[in-house]
file run_9.cif (mmCIF, N, CA and C atoms)
data_protein
loop_
_atom_site.label_atom_id
_atom_site.label_comp_id
_atom_site.auth_asym_id
_atom_site.auth_seq_id
_atom_site.Cartn_x
_atom_site.Cartn_y
_atom_site.Cartn_z
N MET A 98 94.16 113.68 74.81
CA MET A 98 93.26 112.69 75.35
C MET A 98 93.71 112.31 76.77
N ILE A 99 92.76 112.18 77.66
CA ILE A 99 93.04 111.84 79.05
C ILE A 99 93.21 110.33 79.17
N ASP A 100 94.28 109.92 79.85
CA ASP A 100 94.52 108.49 80.07
C ASP A 100 93.78 108.05 81.33
N LEU A 101 92.83 107.15 81.19
CA LEU A 101 92.07 106.62 82.32
C LEU A 101 92.30 105.11 82.46
N THR A 102 93.49 104.66 82.11
CA THR A 102 93.82 103.25 82.23
C THR A 102 93.62 102.80 83.67
N PRO A 103 92.81 101.77 83.89
CA PRO A 103 92.59 101.33 85.26
C PRO A 103 93.76 100.53 85.83
N ASN A 104 94.04 100.82 87.09
CA ASN A 104 94.96 100.04 87.92
C ASN A 104 96.33 99.77 87.32
N VAL A 105 97.01 100.84 86.91
CA VAL A 105 98.41 100.74 86.54
C VAL A 105 99.15 100.29 87.81
N PRO A 106 99.87 99.16 87.78
CA PRO A 106 100.40 98.57 89.01
C PRO A 106 101.22 99.52 89.89
N GLU A 107 102.09 100.32 89.31
CA GLU A 107 102.91 101.20 90.14
C GLU A 107 102.09 102.33 90.77
N VAL A 108 101.02 102.74 90.11
CA VAL A 108 100.15 103.78 90.67
C VAL A 108 99.33 103.18 91.82
N VAL A 109 98.83 101.97 91.64
CA VAL A 109 98.12 101.30 92.73
C VAL A 109 99.04 101.15 93.94
N ALA A 110 100.27 100.76 93.72
CA ALA A 110 101.23 100.59 94.82
C ALA A 110 101.47 101.92 95.55
N GLU A 111 101.59 102.99 94.80
CA GLU A 111 101.77 104.32 95.39
C GLU A 111 100.61 104.69 96.30
N VAL A 112 99.40 104.52 95.77
CA VAL A 112 98.20 104.88 96.52
C VAL A 112 98.05 103.97 97.73
N ARG A 113 98.32 102.68 97.57
CA ARG A 113 98.23 101.74 98.69
C ARG A 113 99.19 102.17 99.82
N ASP A 114 100.41 102.54 99.47
CA ASP A 114 101.39 102.98 100.48
C ASP A 114 100.89 104.22 101.21
N LEU A 115 100.32 105.17 100.48
CA LEU A 115 99.80 106.39 101.10
C LEU A 115 98.60 106.08 102.00
N PHE A 116 97.74 105.18 101.55
CA PHE A 116 96.59 104.78 102.36
C PHE A 116 97.06 104.11 103.65
N GLU A 117 98.02 103.22 103.55
CA GLU A 117 98.53 102.53 104.75
C GLU A 117 99.20 103.52 105.71
N ARG A 118 99.88 104.51 105.17
CA ARG A 118 100.48 105.56 106.01
C ARG A 118 99.39 106.32 106.75
N TYR A 119 98.30 106.64 106.05
CA TYR A 119 97.16 107.32 106.67
C TYR A 119 96.54 106.46 107.76
N GLU A 120 96.33 105.18 107.47
CA GLU A 120 95.72 104.28 108.45
C GLU A 120 96.59 104.18 109.72
N GLN A 121 97.90 104.11 109.55
CA GLN A 121 98.79 104.05 110.72
C GLN A 121 98.74 105.37 111.49
N ALA A 122 98.63 106.47 110.79
CA ALA A 122 98.51 107.77 111.46
C ALA A 122 97.23 107.86 112.27
N LEU A 123 96.15 107.22 111.81
CA LEU A 123 94.92 107.16 112.61
C LEU A 123 95.17 106.43 113.92
N VAL A 124 95.85 105.29 113.84
CA VAL A 124 96.16 104.49 115.03
C VAL A 124 97.05 105.28 115.98
N ASP A 125 98.06 105.95 115.42
CA ASP A 125 99.03 106.70 116.22
C ASP A 125 98.53 108.08 116.63
N ARG A 126 97.39 108.47 116.07
CA ARG A 126 96.83 109.82 116.26
C ARG A 126 97.86 110.89 115.86
N ASN A 127 98.47 110.67 114.72
CA ASN A 127 99.48 111.58 114.18
C ASN A 127 98.77 112.61 113.30
N VAL A 128 98.38 113.71 113.92
CA VAL A 128 97.59 114.73 113.23
C VAL A 128 98.37 115.33 112.06
N GLU A 129 99.67 115.46 112.20
CA GLU A 129 100.47 116.03 111.10
C GLU A 129 100.35 115.18 109.83
N VAL A 130 100.48 113.87 109.96
CA VAL A 130 100.35 112.99 108.79
C VAL A 130 98.91 113.00 108.29
N LEU A 131 97.94 112.96 109.20
CA LEU A 131 96.53 113.00 108.79
C LEU A 131 96.25 114.27 107.99
N ASP A 132 96.74 115.40 108.49
CA ASP A 132 96.53 116.67 107.79
C ASP A 132 97.21 116.70 106.43
N THR A 133 98.44 116.20 106.34
CA THR A 133 99.14 116.27 105.06
C THR A 133 98.54 115.32 104.03
N THR A 134 97.74 114.36 104.47
CA THR A 134 97.09 113.44 103.55
C THR A 134 95.96 114.13 102.80
N PHE A 135 95.31 115.10 103.44
CA PHE A 135 94.15 115.76 102.85
C PHE A 135 94.54 117.05 102.13
N TRP A 136 93.81 117.35 101.09
CA TRP A 136 93.98 118.59 100.33
C TRP A 136 93.61 119.76 101.22
N ASP A 137 94.50 120.70 101.37
CA ASP A 137 94.26 121.89 102.20
C ASP A 137 93.44 122.88 101.37
N SER A 138 92.12 122.66 101.38
CA SER A 138 91.21 123.45 100.55
C SER A 138 89.85 123.54 101.22
N PRO A 139 89.13 124.64 101.00
CA PRO A 139 87.76 124.72 101.49
C PRO A 139 86.83 123.76 100.74
N HIS A 140 87.29 123.16 99.66
CA HIS A 140 86.47 122.24 98.86
C HIS A 140 86.57 120.79 99.35
N THR A 141 87.51 120.50 100.22
CA THR A 141 87.68 119.14 100.72
C THR A 141 86.55 118.79 101.68
N ILE A 142 86.06 117.55 101.59
CA ILE A 142 84.95 117.10 102.44
C ILE A 142 85.34 115.78 103.10
N ARG A 143 84.99 115.67 104.38
CA ARG A 143 85.15 114.39 105.09
C ARG A 143 83.94 114.18 105.98
N TYR A 144 83.13 113.17 105.61
CA TYR A 144 82.00 112.76 106.44
C TYR A 144 82.49 111.63 107.33
N ALA A 145 82.31 111.76 108.63
CA ALA A 145 82.72 110.70 109.55
C ALA A 145 81.51 110.28 110.38
N MET A 146 81.75 109.46 111.36
CA MET A 146 80.66 108.85 112.11
C MET A 146 79.74 109.90 112.75
N ASN A 147 80.30 110.88 113.40
CA ASN A 147 79.49 111.87 114.12
C ASN A 147 79.87 113.30 113.75
N GLU A 148 80.35 113.46 112.55
CA GLU A 148 80.80 114.80 112.15
C GLU A 148 80.76 114.94 110.64
N ASN A 149 80.58 116.15 110.20
CA ASN A 149 80.71 116.50 108.80
C ASN A 149 81.78 117.57 108.71
N GLY A 150 82.83 117.29 107.99
CA GLY A 150 83.90 118.26 107.82
C GLY A 150 83.85 118.86 106.43
N TYR A 151 83.46 120.12 106.38
CA TYR A 151 83.42 120.86 105.12
C TYR A 151 84.60 121.80 105.07
N GLY A 152 85.59 121.45 104.29
CA GLY A 152 86.80 122.25 104.20
C GLY A 152 87.88 121.72 105.13
N PHE A 153 89.11 121.97 104.74
CA PHE A 153 90.26 121.46 105.48
C PHE A 153 90.25 121.93 106.94
N ASP A 154 89.90 123.18 107.20
CA ASP A 154 89.95 123.69 108.57
C ASP A 154 89.01 122.93 109.50
N GLU A 155 87.80 122.62 109.04
CA GLU A 155 86.87 121.84 109.87
C GLU A 155 87.38 120.42 110.07
N ILE A 156 87.93 119.83 109.03
CA ILE A 156 88.47 118.47 109.14
C ILE A 156 89.59 118.45 110.17
N HIS A 157 90.48 119.43 110.10
CA HIS A 157 91.58 119.52 111.06
C HIS A 157 91.05 119.69 112.49
N ALA A 158 90.06 120.54 112.67
CA ALA A 158 89.50 120.77 114.01
C ALA A 158 88.93 119.48 114.60
N HIS A 159 88.26 118.68 113.78
CA HIS A 159 87.73 117.40 114.26
C HIS A 159 88.87 116.46 114.65
N ARG A 160 89.94 116.45 113.88
CA ARG A 160 91.08 115.58 114.18
C ARG A 160 91.70 115.93 115.53
N VAL A 161 91.88 117.21 115.78
CA VAL A 161 92.50 117.66 117.02
C VAL A 161 91.61 117.32 118.22
N ALA A 162 90.30 117.40 118.03
CA ALA A 162 89.36 117.15 119.12
C ALA A 162 89.11 115.67 119.37
N ARG A 163 89.51 114.81 118.46
CA ARG A 163 89.24 113.37 118.60
C ARG A 163 89.92 112.82 119.84
N PRO A 164 89.17 112.09 120.67
CA PRO A 164 89.78 111.52 121.87
C PRO A 164 90.78 110.42 121.53
N PRO A 165 91.79 110.23 122.38
CA PRO A 165 92.74 109.15 122.12
C PRO A 165 92.06 107.80 122.23
N GLY A 166 92.61 106.83 121.61
CA GLY A 166 92.05 105.49 121.67
C GLY A 166 92.39 104.71 120.43
N PRO A 167 91.99 103.44 120.41
CA PRO A 167 92.40 102.56 119.33
C PRO A 167 91.67 102.76 118.01
N GLY A 168 90.63 103.59 117.99
CA GLY A 168 89.87 103.76 116.76
C GLY A 168 88.81 102.69 116.65
N ILE A 169 88.05 102.73 115.56
CA ILE A 169 86.89 101.84 115.45
C ILE A 169 87.14 100.58 114.63
N LYS A 170 88.29 100.49 113.98
CA LYS A 170 88.53 99.34 113.10
C LYS A 170 89.15 98.19 113.88
N GLU A 171 88.40 97.09 113.92
CA GLU A 171 88.92 95.89 114.58
C GLU A 171 89.60 94.96 113.59
N GLN A 172 89.00 94.82 112.41
CA GLN A 172 89.54 93.90 111.42
C GLN A 172 89.12 94.34 110.03
N ARG A 173 90.04 94.27 109.10
CA ARG A 173 89.71 94.55 107.70
C ARG A 173 88.98 93.37 107.09
N ILE A 174 87.98 93.69 106.29
CA ILE A 174 87.26 92.65 105.57
C ILE A 174 87.65 92.70 104.09
N ARG A 175 87.65 93.89 103.52
CA ARG A 175 87.97 94.02 102.10
C ARG A 175 88.50 95.41 101.81
N LEU A 176 89.58 95.47 101.05
CA LEU A 176 90.18 96.73 100.61
C LEU A 176 90.17 96.73 99.09
N GLU A 177 89.60 97.77 98.51
CA GLU A 177 89.55 97.91 97.05
C GLU A 177 90.19 99.24 96.66
N ILE A 178 91.17 99.17 95.81
CA ILE A 178 91.82 100.38 95.27
C ILE A 178 91.60 100.39 93.77
N LEU A 179 91.09 101.50 93.28
CA LEU A 179 90.91 101.69 91.84
C LEU A 179 91.66 102.96 91.46
N THR A 180 92.59 102.84 90.53
CA THR A 180 93.23 104.03 89.98
C THR A 180 92.79 104.16 88.54
N LEU A 181 92.62 105.39 88.11
CA LEU A 181 92.28 105.69 86.72
C LEU A 181 93.35 106.63 86.19
N GLY A 182 94.16 106.11 85.29
CA GLY A 182 95.31 106.88 84.84
C GLY A 182 96.33 106.97 85.97
N ARG A 183 97.03 108.09 86.01
CA ARG A 183 98.09 108.26 87.01
C ARG A 183 97.77 109.32 88.06
N ASP A 184 96.56 109.91 87.98
CA ASP A 184 96.29 111.05 88.85
C ASP A 184 94.96 111.00 89.59
N LEU A 185 94.23 109.89 89.51
CA LEU A 185 92.94 109.78 90.19
C LEU A 185 92.80 108.37 90.77
N ALA A 186 92.32 108.29 92.02
CA ALA A 186 92.15 106.99 92.66
C ALA A 186 91.01 107.03 93.65
N THR A 187 90.40 105.87 93.85
CA THR A 187 89.46 105.70 94.95
C THR A 187 89.97 104.53 95.79
N VAL A 188 89.77 104.67 97.10
CA VAL A 188 90.11 103.60 98.03
C VAL A 188 88.87 103.33 98.86
N ASN A 189 88.47 102.08 98.93
CA ASN A 189 87.29 101.68 99.69
C ASN A 189 87.65 100.53 100.60
N LEU A 190 87.31 100.68 101.87
CA LEU A 190 87.62 99.68 102.88
C LEU A 190 86.35 99.26 103.59
N GLU A 191 86.15 97.96 103.70
CA GLU A 191 85.08 97.41 104.53
C GLU A 191 85.76 96.79 105.74
N PHE A 192 85.22 97.05 106.93
CA PHE A 192 85.87 96.56 108.14
C PHE A 192 84.85 96.21 109.21
N LYS A 193 85.29 95.39 110.16
CA LYS A 193 84.49 95.07 111.34
C LYS A 193 84.74 96.15 112.37
N VAL A 194 83.65 96.70 112.92
CA VAL A 194 83.75 97.74 113.94
C VAL A 194 84.15 97.09 115.27
N ARG A 195 85.10 97.69 115.93
CA ARG A 195 85.62 97.18 117.20
C ARG A 195 84.51 97.02 118.24
N SER A 196 84.45 95.84 118.83
CA SER A 196 83.55 95.52 119.95
C SER A 196 82.07 95.64 119.61
N ARG A 197 81.73 95.62 118.35
CA ARG A 197 80.31 95.69 117.95
C ARG A 197 80.07 94.74 116.80
N GLU A 198 78.83 94.36 116.64
CA GLU A 198 78.45 93.53 115.50
C GLU A 198 78.01 94.44 114.36
N LEU A 199 78.92 95.28 113.92
CA LEU A 199 78.65 96.23 112.85
C LEU A 199 79.74 96.14 111.79
N ILE A 200 79.35 96.43 110.57
CA ILE A 200 80.29 96.54 109.47
C ILE A 200 80.47 98.03 109.17
N GLY A 201 81.72 98.44 109.09
CA GLY A 201 82.04 99.82 108.74
C GLY A 201 82.51 99.91 107.30
N ARG A 202 82.35 101.12 106.75
CA ARG A 202 82.80 101.36 105.38
C ARG A 202 83.52 102.70 105.34
N GLN A 203 84.59 102.72 104.62
CA GLN A 203 85.40 103.93 104.47
C GLN A 203 85.72 104.11 103.00
N SER A 204 85.54 105.32 102.50
CA SER A 204 85.90 105.59 101.11
C SER A 204 86.68 106.89 101.04
N GLN A 205 87.60 106.93 100.11
CA GLN A 205 88.42 108.11 99.89
C GLN A 205 88.60 108.31 98.38
N THR A 206 88.57 109.57 97.96
CA THR A 206 88.92 109.93 96.60
C THR A 206 90.24 110.69 96.65
N TRP A 207 91.20 110.19 95.93
CA TRP A 207 92.55 110.76 95.90
C TRP A 207 92.81 111.39 94.53
N VAL A 208 93.47 112.54 94.53
CA VAL A 208 93.88 113.22 93.30
C VAL A 208 95.36 113.56 93.43
N ARG A 209 96.11 113.34 92.34
CA ARG A 209 97.52 113.75 92.34
C ARG A 209 97.60 115.16 91.73
N PHE A 210 97.97 116.12 92.56
CA PHE A 210 98.13 117.51 92.12
C PHE A 210 99.58 117.72 91.68
N PRO A 211 99.79 118.48 90.59
CA PRO A 211 101.15 118.68 90.09
C PRO A 211 102.13 119.19 91.14
N ALA A 212 101.74 120.15 91.94
CA ALA A 212 102.68 120.75 92.90
C ALA A 212 102.60 120.11 94.29
N LEU A 213 101.57 119.31 94.57
CA LEU A 213 101.34 118.81 95.92
C LEU A 213 101.48 117.30 96.06
N GLY A 214 101.38 116.58 94.98
CA GLY A 214 101.35 115.12 95.05
C GLY A 214 99.94 114.64 95.36
N TRP A 215 99.84 113.40 95.84
CA TRP A 215 98.54 112.79 96.12
C TRP A 215 97.90 113.40 97.36
N LYS A 216 96.60 113.73 97.24
CA LYS A 216 95.82 114.27 98.36
C LYS A 216 94.42 113.69 98.31
N VAL A 217 93.84 113.47 99.49
CA VAL A 217 92.44 113.08 99.58
C VAL A 217 91.59 114.34 99.43
N VAL A 218 90.63 114.30 98.51
CA VAL A 218 89.74 115.44 98.30
C VAL A 218 88.35 115.20 98.87
N ALA A 219 88.01 113.92 99.09
CA ALA A 219 86.71 113.57 99.69
C ALA A 219 86.86 112.24 100.40
N ALA A 220 86.20 112.14 101.57
CA ALA A 220 86.27 110.90 102.34
C ALA A 220 84.95 110.71 103.09
N HIS A 221 84.69 109.45 103.43
CA HIS A 221 83.43 109.11 104.09
C HIS A 221 83.65 107.86 104.93
N VAL A 222 83.15 107.88 106.17
CA VAL A 222 83.17 106.71 107.03
C VAL A 222 81.76 106.52 107.57
N SER A 223 81.23 105.29 107.49
CA SER A 223 79.89 105.02 107.99
C SER A 223 79.80 103.56 108.40
N THR A 224 78.69 103.20 109.01
CA THR A 224 78.41 101.81 109.32
C THR A 224 77.12 101.41 108.62
N MET A 225 76.98 100.12 108.42
CA MET A 225 75.76 99.60 107.81
C MET A 225 74.74 99.36 108.92
N ASN A 226 73.49 99.67 108.65
CA ASN A 226 72.43 99.40 109.59
C ASN A 226 72.15 97.90 109.63
N ASP A 227 71.76 97.40 110.80
CA ASP A 227 71.40 95.99 110.92
C ASP A 227 70.19 95.66 110.04
N VAL A 228 69.25 96.60 109.98
CA VAL A 228 68.03 96.41 109.20
C VAL A 228 67.97 97.54 108.17
N PRO A 229 67.67 97.22 106.92
CA PRO A 229 67.57 98.29 105.93
C PRO A 229 66.54 99.33 106.33
N LEU A 230 66.81 100.58 105.99
CA LEU A 230 65.90 101.67 106.35
C LEU A 230 64.64 101.65 105.50
N TRP A 231 64.66 101.00 104.35
CA TRP A 231 63.46 100.90 103.51
C TRP A 231 63.38 99.55 102.86
#

call {"tool": "encode", "arguments": {"input": "run_9.cif", "output": "structure tokens"}}
result
Amino acid sequence: MIDLTPNVPEVVAEVRDLFERYEQALVDRNVEVLDTTFWDSPHTIRYAMNENGYGFDEIHAHRVARPPGPGIKEQRIRLEILTLGRDLATVNLEFKVRSRELIGRQSQTWVRFPALGWKVVAAHVSTMNDVPLW
């Protein structure tokens, strides 16, 4: 039977530490840490503001091409971490976009692989529209 116990404290702490390491790597533009955070697979997906990364190689290419700068996150509004068992997690962040009256959203799905440890297998960054589209 698969253990899907939600939010085992030590697993949440592990994932939180890895997420914070990733966030600092974004600020520092540390491509090595950013790359090691993601699963090196053609199945990995990262949707970002102006790019779709299908597979690790495309995600890496976008990271290398990203211009230097402080990034888009001005202030965190809410961070939600959900772990299910010891090998699956989601991280969702709501934030204020720097210098704009926009709310940003970031989500990541993390999987703990036996030989690799925790890796992001899917990620998404977007902003909310001021007016609903429908």

call {"tool": "select_by_dssp", "arguments": {"input": "run_9.cif", "residues": "stretch 120-220 of chain A", "states": "strand (DSSP E)", "output": "PyMOL selection string"}}
result
chain A and resi 142-145+148-151+170-181+185-194+200-210+214-220

call {"tool": "atom_distance", "arguments": {"input": "run_9.cif", "atom1": "atom N of A:Gly152", "atom2": "atom C of A:Ile174"}}
result
28.8 Å

call {"tool": "residues_around", "arguments": {"input": "run_9.cif", "residues": "A:Thr224", "least_positions_apart": "5", "cutoff": "12 Å", "atoms": "only C-alpha atoms", "output": "PDB file with N, CA and C atoms, in the coordinates of the input"}}
result
ATOM      1  N   TYR A 144      83.130 113.170 105.610  1.00  0.00           N
ATOM      2  CA  TYR A 144      82.000 112.760 106.440  1.00  0.00           C
ATOM      3  C   TYR A 144      82.490 111.630 107.330  1.00  0.00           C
ATOM      4  N   ALA A 145      82.310 111.760 108.630  1.00  0.00           N
ATOM      5  CA  ALA A 145      82.720 110.700 109.550  1.00  0.00           C
ATOM      6  C   ALA A 145      81.510 110.280 110.380  1.00  0.00           C
ATOM      7  N   MET A 146      81.750 109.460 111.360  1.00  0.00           N
ATOM      8  CA  MET A 146      80.660 108.850 112.110  1.00  0.00           C
ATOM      9  C   MET A 146      79.740 109.900 112.750  1.00  0.00           C
ATOM     10  N   ASN A 147      80.300 110.880 113.400  1.00  0.00           N
ATOM     11  CA  ASN A 147      79.490 111.870 114.120  1.00  0.00           C
ATOM     12  C   ASN A 147      79.870 113.300 113.750  1.00  0.00           C
ATOM     13  N   ILE A 169      88.050 102.730 115.560  1.00  0.00           N
ATOM     14  CA  ILE A 169      86.890 101.840 115.450  1.00  0.00           C
ATOM     15  C   ILE A 169      87.140 100.580 114.630  1.00  0.00           C
ATOM     16  N   LYS A 170      88.290 100.490 113.980  1.00  0.00           N
ATOM     17  CA  LYS A 170      88.530  99.340 113.100  1.00  0.00           C
ATOM     18  C   LYS A 170      89.150  98.190 113.880  1.00  0.00           C
ATOM     19  N   LEU A 190      87.310 100.680 101.870  1.00  0.00           N
ATOM     20  CA  LEU A 190      87.620  99.680 102.880  1.00  0.00           C
ATOM     21  C   LEU A 190      86.350  99.260 103.590  1.00  0.00           C
ATOM     22  N   GLU A 191      86.150  97.960 103.700  1.00  0.00           N
ATOM     23  CA  GLU A 191      85.080  97.410 104.530  1.00  0.00           C
ATOM     24  C   GLU A 191      85.760  96.790 105.740  1.00  0.00           C
ATOM     25  N   PHE A 192      85.220  97.050 106.930  1.00  0.00           N
ATOM     26  CA  PHE A 192      85.870  96.560 108.140  1.00  0.00           C
ATOM     27  C   PHE A 192      84.850  96.210 109.210  1.00  0.00           C
ATOM     28  N   LYS A 193      85.290  95.390 110.160  1.00  0.00           N
ATOM     29  CA  LYS A 193      84.490  95.070 111.340  1.00  0.00           C
ATOM     30  C   LYS A 193      84.740  96.150 112.370  1.00  0.00           C
ATOM     31  N   VAL A 194      83.650  96.700 112.920  1.00  0.00           N
ATOM     32  CA  VAL A 194      83.750  97.740 113.940  1.00  0.00           C
ATOM     33  C   VAL A 194      84.150  97.090 115.270  1.00  0.00           C
ATOM     34  N   ARG A 195      85.100  97.690 115.930  1.00  0.00           N
ATOM     35  CA  ARG A 195      85.620  97.180 117.200  1.00  0.00           C
ATOM     36  C   ARG A 195      84.510  97.020 118.240  1.00  0.00           C
ATOM     37  N   ARG A 197      81.730  95.620 118.350  1.00  0.00           N
ATOM     38  CA  ARG A 197      80.310  95.690 117.950  1.00  0.00           C
ATOM     39  C   ARG A 197      80.070  94.740 116.800  1.00  0.00           C
ATOM     40  N   GLU A 198      78.830  94.360 116.640  1.00  0.00           N
ATOM     41  CA  GLU A 198      78.450  93.530 115.500  1.00  0.00           C
ATOM     42  C   GLU A 198      78.010  94.440 114.360  1.00  0.00           C
ATOM     43  N   LEU A 199      78.920  95.280 113.920  1.00  0.00           N
ATOM     44  CA  LEU A 199      78.650  96.230 112.850  1.00  0.00           C
ATOM     45  C   LEU A 199      79.740  96.140 111.790  1.00  0.00           C
ATOM     46  N   ILE A 200      79.350  96.430 110.570  1.00  0.00           N
ATOM     47  CA  ILE A 200      80.290  96.540 109.470  1.00  0.00           C
ATOM     48  C   ILE A 200      80.470  98.030 109.170  1.00  0.00           C
ATOM     49  N   GLY A 201      81.720  98.440 109.090  1.00  0.00           N
ATOM     50  CA  GLY A 201      82.040  99.820 108.740  1.00  0.00           C
ATOM     51  C   GLY A 201      82.510  99.910 107.300  1.00  0.00           C
ATOM     52  N   ARG A 202      82.350 101.120 106.750  1.00  0.00           N
ATOM     53  CA  ARG A 202      82.800 101.360 105.380  1.00  0.00           C
ATOM     54  C   ARG A 202      83.520 102.700 105.340  1.00  0.00           C
ATOM     55  N   GLN A 203      84.590 102.720 104.620  1.00  0.00           N
ATOM     56  CA  GLN A 203      85.400 103.930 104.470  1.00  0.00           C
ATOM     57  C   GLN A 203      85.720 104.110 103.000  1.00  0.00           C
ATOM     58  N   SER A 204      85.540 105.320 102.500  1.00  0.00           N
ATOM     59  CA  SER A 204      85.900 105.590 101.110  1.00  0.00           C
ATOM     60  C   SER A 204      86.680 106.890 101.040  1.00  0.00           C
ATOM     61  N   PRO A 229      67.670  97.220 106.920  1.00  0.00           N
ATOM     62  CA  PRO A 229      67.570  98.290 105.930  1.00  0.00           C
ATOM     63  C   PRO A 229      66.540  99.330 106.330  1.00  0.00           C
TER      64      PRO A 229
END

call {"tool": "residues_around", "arguments": {"input": "run_9.cif", "residues": "A:Thr187", "least_positions_apart": "6", "cutoff": "8 Å", "atoms": "only C-alpha atoms", "output": "PyMOL selection string"}}
result
chain A and resi 178-180+204-207

call {"tool": "write_last_selection", "arguments": {"input": "run_9.cif", "atoms": "N, CA and C atoms", "output": "PDB file, in the frame of the given file"}}
result
ATOM      1  N   ILE A 178      91.170  99.170  95.810  1.00  0.00           N
ATOM      2  CA  ILE A 178      91.820 100.380  95.270  1.00  0.00           C
ATOM      3  C   ILE A 178      91.600 100.390  93.770  1.00  0.00           C
ATOM      4  N   LEU A 179      91.090 101.500  93.280  1.00  0.00           N
ATOM      5  CA  LEU A 179      90.910 101.690  91.840  1.00  0.00           C
ATOM      6  C   LEU A 179      91.660 102.960  91.460  1.00  0.00           C
ATOM      7  N   THR A 180      92.590 102.840  90.530  1.00  0.00           N
ATOM      8  CA  THR A 180      93.230 104.030  89.980  1.00  0.00           C
ATOM      9  C   THR A 180      92.790 104.160  88.540  1.00  0.00           C
ATOM     10  N   SER A 204      85.540 105.320 102.500  1.00  0.00           N
ATOM     11  CA  SER A 204      85.900 105.590 101.110  1.00  0.00           C
ATOM     12  C   SER A 204      86.680 106.890 101.040  1.00  0.00           C
ATOM     13  N   GLN A 205      87.600 106.930 100.110  1.00  0.00           N
ATOM     14  CA  GLN A 205      88.420 108.110  99.890  1.00  0.00           C
ATOM     15  C   GLN A 205      88.600 108.310  98.380  1.00  0.00           C
ATOM     16  N   THR A 206      88.570 109.570  97.960  1.00  0.00           N
ATOM     17  CA  THR A 206      88.920 109.930  96.600  1.00  0.00           C
ATOM     18  C   THR A 206      90.240 110.690  96.650  1.00  0.00           C
ATOM     19  N   TRP A 207      91.200 110.190  95.930  1.00  0.00           N
ATOM     20  CA  TRP A 207      92.550 110.760  95.900  1.00  0.00           C
ATOM     21  C   TRP A 207      92.810 111.390  94.530  1.00  0.00           C
TER      22      TRP A 207
END

call {"tool": "select_by_dssp", "arguments": {"input": "run_9.cif", "residues": "chain A", "states": "helix (DSSP H, G or I)", "output": "number ranges by chain"}}
result
A: 106-125, 128-134, 153-162

call {"tool": "resolve_selection", "arguments": {"input": "run_9.cif", "expression": "the PyMOL selection byres (((chain A and resi 156-159 and name CA) around 9) and name CA)", "output": "PyMOL selection string"}}
result
chain A and resi 128+131-132+135+141-143+148-155+160-163

call {"tool": "atom_distance", "arguments": {"input": "run_9.cif", "atom1": "atom CA of A:Glu177", "atom2": "atom N of A:Ile99"}}
result
24.3 Å

call {"tool": "residues_around", "arguments": {"input": "run_9.cif", "residues": "A:Pro165", "least_positions_apart": "6", "cutoff": "12 Å", "atoms": "only C-alpha atoms", "output": "list in words"}}
result
Leu123, Val124, Asp125, Arg126, Asn127 and Val128 of chain A

call {"tool": "residues_around", "arguments": {"input": "run_9.cif", "residues": "A:Val109", "least_positions_apart": "3", "cutoff": "8 Å", "atoms": "only N, CA and C atoms", "output": "VMD selection string"}}
result
chain A and resid 103 to 106 112 to 115 178 to 183

call {"tool": "residues_around", "arguments": {"input": "run_9.cif", "residues": "A:Thr133", "least_positions_apart": "4", "cutoff": "8 Å", "atoms": "all atoms listed in the file", "output": "number ranges by chain"}}
result
A: 127-129, 137, 215-217

call {"tool": "closest_residue", "arguments": {"input": "run_9.cif", "among": "A:Pro164, A:Trp136, A:Asp184, A:Tyr119", "to": "A:Asp100", "atoms": "all atoms listed in the file"}}
result
A:Asp184

call {"tool": "atom_distance", "arguments": {"input": "run_9.cif", "atom1": "atom CA of A:Gly168", "atom2": "atom N of A:Leu185"}}
result
28.3 Å

call {"tool": "build_atoms", "arguments": {"input": "run_9.cif", "residues": "stretch 111-118 of chain A", "atoms": "N, CA, C and O atoms", "output": "CSV table (one decimal), keeping the file's coordinate frame"}}
result
chain,number,residue,atom,x,y,z
A,111,GLU,N,101.6,103.0,94.8
A,111,GLU,CA,101.8,104.3,95.4
A,111,GLU,C,100.6,104.7,96.3
A,111,GLU,O,100.8,105.1,97.4
A,112,VAL,N,99.4,104.5,95.8
A,112,VAL,CA,98.2,104.9,96.5
A,112,VAL,C,98.0,104.0,97.7
A,112,VAL,O,97.7,104.4,98.8
A,113,ARG,N,98.3,102.7,97.6
A,113,ARG,CA,98.2,101.7,98.7
A,113,ARG,C,99.2,102.2,99.8
A,113,ARG,O,98.8,102.2,101.0
A,114,ASP,N,100.4,102.5,99.5
A,114,ASP,CA,101.4,103.0,100.5
A,114,ASP,C,100.9,104.2,101.2
A,114,ASP,O,101.0,104.3,102.4
A,115,LEU,N,100.3,105.2,100.5
A,115,LEU,CA,99.8,106.4,101.1
A,115,LEU,C,98.6,106.1,102.0
A,115,LEU,O,98.5,106.6,103.1
A,116,PHE,N,97.7,105.2,101.6
A,116,PHE,CA,96.6,104.8,102.4
A,116,PHE,C,97.1,104.1,103.6
A,116,PHE,O,96.6,104.4,104.7
A,117,GLU,N,98.0,103.2,103.6
A,117,GLU,CA,98.5,102.5,104.8
A,117,GLU,C,99.2,103.5,105.7
A,117,GLU,O,99.1,103.4,106.9
A,118,ARG,N,99.9,104.5,105.2
A,118,ARG,CA,100.5,105.6,106.0
A,118,ARG,C,99.4,106.3,106.8
A,118,ARG,O,99.5,106.6,107.9
